[in-house]
$ cat data-v3.txt   # compact mmCIF, C-alpha atoms
# COMPACT_ATOMS: atom_id res chain seq x y z
CA MET L 30 -23.59 -15.61 -18.46
CA HIS L 31 -26.06 -18.27 -19.49
CA SER L 32 -25.94 -21.39 -17.39
CA VAL L 33 -27.70 -24.67 -17.08
CA ALA L 34 -27.29 -26.65 -13.89
CA VAL L 35 -27.77 -30.39 -14.14
CA VAL L 36 -27.85 -32.78 -11.21
CA PHE L 37 -26.63 -36.34 -11.72
CA LEU L 38 -27.16 -39.08 -9.17
CA SER L 39 -24.50 -41.71 -9.79
CA MET L 40 -24.65 -45.12 -8.18
CA ALA L 41 -21.36 -46.87 -7.45
CA ILE L 42 -21.61 -50.62 -6.94
CA ALA L 43 -18.95 -52.04 -4.64
CA GLN L 44 -17.88 -55.70 -4.75
CA SER L 45 -19.34 -56.30 -1.34
CA GLY L 46 -22.64 -54.62 -2.13
CA ASN L 47 -24.21 -51.27 -2.78
CA ALA L 48 -22.03 -48.20 -2.02
CA PRO L 49 -23.48 -44.81 -1.09
CA SER L 50 -24.73 -42.80 -4.05
CA SER L 51 -22.92 -39.59 -4.96
CA THR L 52 -24.65 -36.41 -6.15
CA ARG L 53 -22.83 -34.21 -8.66
CA LEU L 54 -23.92 -30.81 -9.84
CA GLU L 55 -22.89 -30.11 -13.43
CA LEU L 56 -22.40 -26.50 -14.52
CA PRO L 57 -21.61 -26.71 -18.24
CA TYR L 58 -21.47 -22.96 -18.95
CA CYS L 59 -18.76 -21.40 -16.84
CA GLU L 60 -16.13 -18.78 -17.61
CA LEU L 61 -12.54 -18.04 -16.65
CA THR L 62 -12.09 -14.61 -15.10
CA LEU L 63 -9.29 -12.61 -13.52
CA ILE L 64 -8.70 -12.76 -9.80
CA ARG L 65 -6.64 -9.59 -9.64
CA PHE L 66 -6.08 -6.71 -12.03
CA ALA L 67 -5.27 -3.05 -11.64
CA GLU L 68 -5.24 0.22 -13.54
CA ILE L 69 -1.91 1.63 -12.35
CA PRO L 70 -2.06 5.43 -11.92
CA ALA L 71 0.56 8.15 -11.79
CA ARG L 72 0.68 9.43 -8.21
CA GLN L 73 2.39 12.72 -9.11
CA SER L 74 1.92 15.05 -12.07
CA GLY L 75 4.75 15.45 -14.55
CA VAL L 76 6.37 14.18 -17.71
CA LEU L 77 6.84 10.43 -18.13
CA GLU L 78 10.62 10.43 -18.23
CA SER L 79 10.96 6.69 -18.84
CA PHE L 80 8.55 3.83 -19.57
CA PRO L 81 10.66 0.64 -19.62
CA VAL L 82 7.83 -1.91 -19.85
CA THR L 83 5.85 -2.87 -22.94
CA GLU L 84 2.57 -4.64 -23.53
CA GLY L 85 2.87 -8.39 -23.12
CA MET L 86 5.69 -8.24 -20.56
CA MET L 87 5.56 -10.10 -17.27
CA VAL L 88 6.54 -7.85 -14.37
CA ALA L 89 7.48 -8.69 -10.79
CA ALA L 90 5.96 -7.16 -7.68
CA ASP L 91 7.63 -3.82 -6.82
CA GLN L 92 9.22 -3.61 -10.28
CA LEU L 93 9.61 -0.13 -11.78
CA LEU L 94 6.97 0.36 -14.46
CA ALA L 95 7.47 4.04 -15.31
CA GLN L 96 9.26 7.11 -13.99
CA VAL L 97 7.79 10.62 -13.72
CA ASP L 98 10.37 13.44 -14.04
CA GLU L 99 11.77 14.17 -10.58
CA ARG L 100 14.47 16.80 -11.27
CA GLU L 101 12.56 19.74 -9.80
CA ALA L 102 11.69 17.67 -6.71
CA GLN L 103 15.36 16.75 -6.31
CA LEU L 104 16.30 20.46 -6.28
CA ARG L 105 13.67 21.17 -3.63
CA LEU L 106 14.99 18.24 -1.63
CA ALA L 107 18.54 19.63 -1.73
CA ALA L 108 17.29 23.04 -0.48
CA ALA L 109 15.18 21.44 2.25
CA GLN L 110 18.13 19.30 3.33
CA ARG L 111 20.29 22.43 3.78
CA GLU L 112 17.55 24.11 5.80
CA TYR L 113 17.25 21.03 7.97
CA ASP L 114 21.01 20.86 8.52
CA ALA L 115 21.03 24.51 9.66
CA ALA L 116 18.04 23.99 11.95
CA ALA L 117 19.55 20.82 13.40
CA GLU L 118 22.80 22.68 14.14
CA GLN L 119 20.90 25.42 15.98
CA ALA L 120 19.02 22.83 18.01
CA LYS L 121 22.11 20.77 18.80
CA GLU L 122 23.16 22.60 22.00
CA ASP L 123 21.50 25.22 24.21
CA VAL L 124 24.61 27.48 24.31
CA GLU L 125 22.56 30.69 24.46
CA ALA L 126 20.50 29.35 27.34
CA GLN L 127 23.64 28.25 29.19
CA ALA L 128 25.21 31.70 28.73
CA ALA L 129 22.01 33.38 29.91
CA ARG L 130 21.89 31.18 33.01
CA ALA L 131 25.52 32.00 33.80
CA ALA L 132 24.88 35.75 33.38
CA ALA L 133 21.81 35.49 35.61
CA ALA L 134 23.82 33.68 38.28
CA VAL L 135 26.49 36.43 38.24
CA ALA L 136 23.87 39.19 38.50
CA GLU L 137 22.15 37.41 41.39
CA VAL L 138 25.45 37.00 43.28
CA GLU L 139 26.36 40.69 42.79
CA HIS L 140 22.98 41.75 44.13
CA ARG L 141 23.18 39.42 47.14
CA ASP L 142 26.72 40.62 47.93
CA SER L 143 25.66 44.27 47.80
CA VAL L 144 22.71 43.56 50.11
CA ALA L 145 25.04 41.74 52.54
CA VAL L 146 27.57 44.62 52.53
CA ASN L 147 24.88 47.17 53.31
CA ALA L 148 23.60 44.94 56.09
CA ARG L 149 27.04 45.10 57.73
CA SER L 150 27.80 48.72 56.78
CA PRO L 151 24.61 50.63 56.01
CA GLY L 152 25.03 52.99 53.09
CA ALA L 153 28.31 51.50 51.91
CA ILE L 154 26.70 50.83 48.53
CA PRO L 155 24.16 53.36 47.28
CA LEU L 156 20.60 52.13 47.21
CA THR L 157 20.30 53.11 43.55
CA GLU L 158 23.19 50.73 42.74
CA VAL L 159 21.57 47.95 44.80
CA ARG L 160 18.29 48.54 42.99
CA ARG L 161 20.08 48.49 39.59
CA GLN L 162 21.68 45.17 40.48
CA GLU L 163 18.31 43.76 41.54
CA LEU L 164 16.72 44.78 38.24
CA THR L 165 19.73 43.42 36.33
CA ALA L 166 19.27 40.05 38.07
CA GLU L 167 15.56 40.02 37.23
CA ARG L 168 16.30 40.91 33.61
CA ALA L 169 18.89 38.13 33.43
CA GLY L 170 16.25 35.70 34.70
CA PHE L 171 13.90 36.72 31.90
CA GLN L 172 16.72 36.36 29.37
CA VAL L 173 17.21 32.77 30.57
CA LYS L 174 13.54 32.06 29.85
CA VAL L 175 13.82 33.69 26.42
CA ALA L 176 16.95 31.66 25.58
CA GLU L 177 15.28 28.43 26.75
CA MET L 178 12.19 29.21 24.66
CA GLU L 179 14.33 29.96 21.59
CA TYR L 180 16.14 26.65 22.11
CA ALA L 181 12.81 24.81 22.31
CA VAL L 182 11.60 26.61 19.16
CA ALA L 183 14.86 25.63 17.41
CA GLY L 184 14.14 22.00 18.30
CA HIS L 185 10.61 22.19 16.87
CA ASN L 186 11.93 23.98 13.77
CA SER L 187 14.47 21.21 13.30
CA LEU L 188 11.69 18.60 13.48
CA ALA L 189 9.58 20.61 11.03
CA GLN L 190 12.47 20.83 8.56
CA GLU L 191 13.11 17.10 8.94
CA ALA L 192 9.43 16.40 8.17
CA LYS L 193 9.71 18.65 5.10
CA VAL L 194 12.69 16.62 3.89
CA ARG L 195 10.78 13.36 4.42
CA LEU L 196 7.75 14.78 2.59
CA ILE L 197 9.81 15.66 -0.49
CA GLN L 198 11.55 12.28 -0.34
CA HIS L 199 8.10 10.65 -0.32
CA GLU L 200 7.09 12.78 -3.31
CA ILE L 201 10.18 11.59 -5.18
CA GLU L 202 9.38 7.98 -4.31
CA THR L 203 5.82 8.36 -5.59
CA ARG L 204 7.16 9.62 -8.92
CA ARG L 205 8.29 6.03 -9.44
CA ILE L 206 5.32 4.00 -10.71
CA ILE L 207 5.71 0.55 -9.15
CA ALA L 208 3.94 -2.76 -9.83
CA PRO L 209 1.72 -3.62 -6.83
CA PHE L 210 1.85 -7.32 -7.71
CA ALA L 211 3.41 -9.69 -10.22
CA GLY L 212 1.44 -9.73 -13.43
CA TYR L 213 1.10 -9.26 -17.16
CA VAL L 214 1.15 -5.83 -18.81
CA ALA L 215 -2.16 -5.96 -20.65
CA GLU L 216 -2.21 -2.39 -21.97
CA ARG L 217 -0.21 0.85 -21.95
CA TYR L 218 -2.27 4.02 -22.00
CA ARG L 219 0.58 6.53 -22.16
CA GLN L 220 3.89 6.99 -23.94
CA GLU L 221 7.29 8.18 -22.78
CA GLY L 222 7.49 12.00 -22.91
CA GLU L 223 3.77 12.57 -22.29
CA TRP L 224 2.49 14.75 -19.45
CA VAL L 225 0.38 12.90 -16.88
CA GLN L 226 -1.78 14.21 -14.07
CA ALA L 227 -1.85 12.61 -10.64
CA GLY L 228 -4.49 9.89 -10.80
CA ASP L 229 -4.24 9.31 -14.56
CA ALA L 230 -4.10 5.60 -15.45
CA VAL L 231 -0.77 4.82 -17.11
CA LEU L 232 -1.08 1.09 -17.74
CA ARG L 233 -3.09 -2.00 -16.84
CA ILE L 234 -1.62 -5.16 -15.36
CA VAL L 235 -3.41 -8.45 -14.67
CA ARG L 236 -2.51 -11.54 -12.70
CA MET L 237 -2.23 -14.56 -14.98
CA ASP L 238 -0.65 -17.28 -12.83
CA ARG L 239 -3.95 -17.99 -11.07
CA LEU L 240 -7.47 -17.60 -12.47
CA ARG L 241 -11.04 -17.85 -11.25
CA VAL L 242 -13.70 -20.14 -12.72
CA GLU L 243 -17.18 -18.70 -12.27
CA GLY L 244 -20.54 -20.36 -12.71
CA GLN L 245 -24.19 -19.99 -11.74
CA VAL L 246 -26.26 -22.35 -9.60
CA LYS L 247 -30.06 -22.40 -9.63
CA ALA L 248 -31.17 -21.37 -6.16
CA ASP L 249 -33.93 -23.99 -6.02
CA LEU L 250 -31.42 -26.86 -6.41
CA PHE L 251 -28.94 -26.34 -3.59
CA ALA L 252 -28.29 -23.76 -0.88
CA PRO L 253 -24.93 -21.94 -0.87
CA HIS L 254 -23.74 -23.75 2.27
CA GLU L 255 -24.18 -27.06 0.42
CA ILE L 256 -21.92 -25.84 -2.42
CA GLU L 257 -19.16 -23.86 -0.74
CA GLY L 258 -16.11 -25.94 0.17
CA ARG L 259 -17.12 -28.89 -2.03
CA PRO L 260 -14.64 -30.62 -4.39
CA VAL L 261 -14.98 -29.75 -8.05
CA VAL L 262 -13.59 -31.01 -11.34
CA ILE L 263 -13.03 -28.19 -13.83
CA LYS L 264 -12.65 -28.69 -17.55
CA VAL L 265 -11.41 -25.71 -19.57
CA ALA L 266 -12.09 -25.60 -23.32
CA LEU L 267 -8.84 -24.97 -25.23
CA PRO L 268 -8.25 -24.11 -28.90
CA GLY L 269 -8.38 -27.06 -31.30
CA ARG L 270 -11.24 -28.70 -29.38
CA LYS L 271 -8.86 -29.68 -26.60
CA GLU L 272 -9.55 -29.38 -22.93
CA HIS L 273 -7.59 -29.05 -19.69
CA SER L 274 -8.93 -30.80 -16.61
CA VAL L 275 -8.04 -29.81 -13.06
CA GLU L 276 -9.43 -30.53 -9.61
CA GLY L 277 -10.20 -27.85 -7.08
CA THR L 278 -12.57 -26.61 -4.41
CA ILE L 279 -15.52 -24.24 -4.55
CA LEU L 280 -14.17 -21.27 -2.59
CA PHE L 281 -17.25 -19.05 -2.73
CA ALA L 282 -21.00 -19.42 -3.07
CA SER L 283 -22.92 -16.15 -3.01
CA GLN L 284 -25.75 -15.53 -0.57
CA ILE L 285 -27.43 -13.24 -3.11
CA ILE L 286 -29.95 -14.66 -5.58
CA GLU L 287 -29.92 -12.75 -8.85
CA ALA L 288 -32.93 -11.88 -11.04
CA SER L 289 -32.36 -15.09 -13.03
CA GLY L 290 -33.01 -17.16 -9.88
CA GLU L 291 -29.34 -18.18 -9.71
CA TYR L 292 -26.39 -17.33 -7.48
CA ARG L 293 -22.69 -17.09 -8.30
CA VAL L 294 -20.09 -19.69 -7.34
CA TRP L 295 -16.41 -19.86 -8.11
CA ALA L 296 -13.24 -21.85 -7.73
CA GLU L 297 -9.62 -20.84 -8.35
CA ILE L 298 -7.07 -22.74 -10.44
CA ASP L 299 -3.36 -22.40 -11.13
CA ASN L 300 -2.50 -21.46 -14.67
CA VAL L 301 0.11 -23.33 -16.70
CA PRO L 302 2.93 -21.54 -18.57
CA VAL L 303 3.39 -23.02 -22.03
CA ARG L 304 6.16 -20.81 -23.40
CA GLU L 305 8.52 -18.53 -21.51
CA THR L 306 11.17 -16.06 -22.60
CA GLU L 307 13.19 -13.60 -20.59
CA GLN L 308 10.36 -11.06 -20.39
CA ARG L 309 7.27 -12.82 -21.71
CA THR L 310 5.21 -15.80 -20.64
CA HIS L 311 2.41 -17.42 -22.63
CA TRP L 312 -0.22 -19.20 -20.56
CA LEU L 313 -2.36 -22.23 -21.30
CA MET L 314 -5.56 -20.64 -19.99
CA ARG L 315 -6.77 -17.10 -20.50
CA PRO L 316 -9.58 -15.00 -19.04
CA GLY L 317 -12.74 -15.28 -21.11
CA MET L 318 -12.30 -18.97 -21.94
CA SER L 319 -15.27 -21.31 -21.47
CA ALA L 320 -15.22 -24.04 -18.86
CA SER L 321 -17.44 -26.51 -17.07
CA MET L 322 -17.59 -27.48 -13.41
CA SER L 323 -18.66 -30.77 -11.92
CA ILE L 324 -19.26 -30.24 -8.20
CA ASP L 325 -19.30 -33.18 -5.83
CA ILE L 326 -22.21 -32.26 -3.56
CA GLY L 327 -21.71 -35.27 -1.32
CA SER L 328 -22.96 -38.77 -0.63
CA ASN L 329 -26.57 -39.79 -0.10
CA ARG L 330 -27.08 -42.80 2.12

$ encode --input "data-v3.txt" --output "structure tokens"
Amino acid sequence: MHSVAVVFLSMAIAQSGNAPSSTRLELPYCELTLIRFAEIPARQSGVLESFPVTEGMMVAADQLLAQVDEREAQLRLAAAQREYDAAAEQAKEDVEAQAARAAAAVAEVEHRDSVAVNARSPGAIPLTEVRRQELTAERAGFQVKVAEMEYAVAGHNSLAQEAKVRLIQHEIETRRIIAPFAGYVAERYRQEGEWVQAGDAVLRIVRMDRLRVEGQVKADLFAPHEIEGRPVVIKVALPGRKEHSVEGTILFASQIIEASGEYRVWAEIDNVPVRETEQRTHWLMRPGMSASMSIDIGSNR
């Protein structure tokens, strides 16, 4: 961008005497640029099942832009949901563990009773039977641990199946290509029925309701801290040798001096809709238009 920076020192004469002089920096060669734009990609591979937006349309944030075929994912979701339901049912109650604990309690009581009987009447119950009861009680104790472990595993399996369901649900959601912000559909790269790979750009949207005005300041005139935050009058060149004037503020002054000996500055301005229909809006100002900026540097006393 070619630019010429001109400094004017204007003297305002008040009725009561001389008023402070005001320094203005004129940037006659500026350009309107986009603040926000995006190449919207497909996040899942598949066939573009529907593509309801066309070039030139205005879209709202979170609006559906295109839909990638999700039928196979829906079938996998149904299967995963059944697996989760079964796993959740198994993990609902520890019936096996309760039964194992009850059996272990019975075996322990039988063994204790046999030991007590033999203590009162030695030999009343054969030692082999007492030993069998002791081993049965020990085995029942191990079965309790096994049942408790299986119950814990069932709980983890239920959580794993639930995560699988959520993962497929997320996949289905990402087959819907959504507008990240309100904007203008500048270009469609694909057509309905085409196969797209994950990451392929499907369309381009740009923000039109607010634009940036960029210019260049010679580094030997003013430092960035003297420019940033200063009031500015912007004049945008329109077709038919017309112009649109708007006031604003310099929002950014770069700290980096480019090879030309200049640094970038910009302000932001609201665009003006000039014709609106149900799906389309035509704007007064468009990216690429020429503009000028008159920056009020401040007062010299």

$ residues_around --input "data-v3.txt" --residues "stretch 223-232 of chain L" --least-positions-apart "5" --cutoff "12 Å" --atoms "all atoms listed in the file" --output "PyMOL selection string"
chain L and resi 66-86+94-98+200+203-208+212-218

$ residues_around --input "data-v3.txt" --residues "stretch 110-120 of chain L" --least-positions-apart "4" --cutoff "6 Å" --atoms "all atoms listed in the file" --output "VMD selection string"
chain L and resid 106 183 to 184 187 190 to 191

$ residues_around --input "data-v3.txt" --residues "L:Arg241" --least-positions-apart "4" --cutoff "10 Å" --atoms "only C-alpha atoms" --output "list in words"
Glu60, Leu61, Thr62, Leu63, Ile64, Arg65, Leu280, Trp295, Ala296, Glu297, Ile298, Asp299, Asn300 and Pro316 of chain L

$ write_last_selection --input "data-v3.txt" --atoms "C-alpha atoms" --output "PDB file, in the coordinates of the input"
ATOM      1  CA  GLU L  60     -16.130 -18.780 -17.610  1.00  0.00           C
ATOM      2  CA  LEU L  61     -12.540 -18.040 -16.650  1.00  0.00           C
ATOM      3  CA  THR L  62     -12.090 -14.610 -15.100  1.00  0.00           C
ATOM      4  CA  LEU L  63      -9.290 -12.610 -13.520  1.00  0.00           C
ATOM      5  CA  ILE L  64      -8.700 -12.760  -9.800  1.00  0.00           C
ATOM      6  CA  ARG L  65      -6.640  -9.590  -9.640  1.00  0.00           C
ATOM      7  CA  LEU L 280     -14.170 -21.270  -2.590  1.00  0.00           C
ATOM      8  CA  TRP L 295     -16.410 -19.860  -8.110  1.00  0.00           C
ATOM      9  CA  ALA L 296     -13.240 -21.850  -7.730  1.00  0.00           C
ATOM     10  CA  GLU L 297      -9.620 -20.840  -8.350  1.00  0.00           C
ATOM     11  CA  ILE L 298      -7.070 -22.740 -10.440  1.00  0.00           C
ATOM     12  CA  ASP L 299      -3.360 -22.400 -11.130  1.00  0.00           C
ATOM     13  CA  ASN L 300      -2.500 -21.460 -14.670  1.00  0.00           C
ATOM     14  CA  PRO L 316      -9.580 -15.000 -19.040  1.00  0.00           C
TER      15      PRO L 316
END

$ residues_near_point --input "data-v3.txt" --point "(-24.4, -25.0, -0.7)" --cutoff "10 Å" --atoms "only C-alpha atoms" --output "compact mmCIF listing (two decimals) with C-alpha atoms, keeping the file's coordinate frame"
# COMPACT_ATOMS: atom_id res chain seq x y z
CA VAL L 246 -26.26 -22.35 -9.60
CA ALA L 248 -31.17 -21.37 -6.16
CA LEU L 250 -31.42 -26.86 -6.41
CA PHE L 251 -28.94 -26.34 -3.59
CA ALA L 252 -28.29 -23.76 -0.88
CA PRO L 253 -24.93 -21.94 -0.87
CA HIS L 254 -23.74 -23.75 2.27
CA GLU L 255 -24.18 -27.06 0.42
CA ILE L 256 -21.92 -25.84 -2.42
CA GLU L 257 -19.16 -23.86 -0.74
CA GLY L 258 -16.11 -25.94 0.17
CA ARG L 259 -17.12 -28.89 -2.03
CA ILE L 279 -15.52 -24.24 -4.55
CA PHE L 281 -17.25 -19.05 -2.73
CA ALA L 282 -21.00 -19.42 -3.07
CA SER L 283 -22.92 -16.15 -3.01
CA GLN L 284 -25.75 -15.53 -0.57
CA VAL L 294 -20.09 -19.69 -7.34
CA ILE L 326 -22.21 -32.26 -3.56

$ closest_residue --input "data-v3.txt" --among "L:Arg315, L:Arg219, L:Arg270, L:Arg105" --to "L:Val235" --atoms "all atoms listed in the file"
L:Arg315

$ closest_residue --input "data-v3.txt" --among "L:Ser321, L:Asn147, L:Gln308, L:Gln220" --to "L:Cys59" --atoms "only C-alpha atoms"
L:Ser321

$ closest_residue --input "data-v3.txt" --among "L:Val146, L:Ala153, L:Leu104, L:Ile234" --to "L:Ala89" --atoms "all atoms listed in the file"
L:Ile234

$ atom_distance --input "data-v3.txt" --atom1 "atom CA of L:Pro302" --atom2 "atom CA of L:Asp238"
8.0 Å

$ atom_distance --input "data-v3.txt" --atom1 "atom CA of L:Glu55" --atom2 "atom CA of L:Ile324"
6.4 Å

$ atom_distance --input "data-v3.txt" --atom1 "atom CA of L:Gly269" --atom2 "atom CA of L:Met322"
20.1 Å

$ axis_aligned_box --input "data-v3.txt" --around "stretch 277-292 of chain L" --padding-each-side "8 Å" --output "JSON"
{"center_x": -21.6, "center_y": -19.9, "center_z": -6.8, "size_x": 38.8, "size_y": 32.0, "size_z": 28.5}
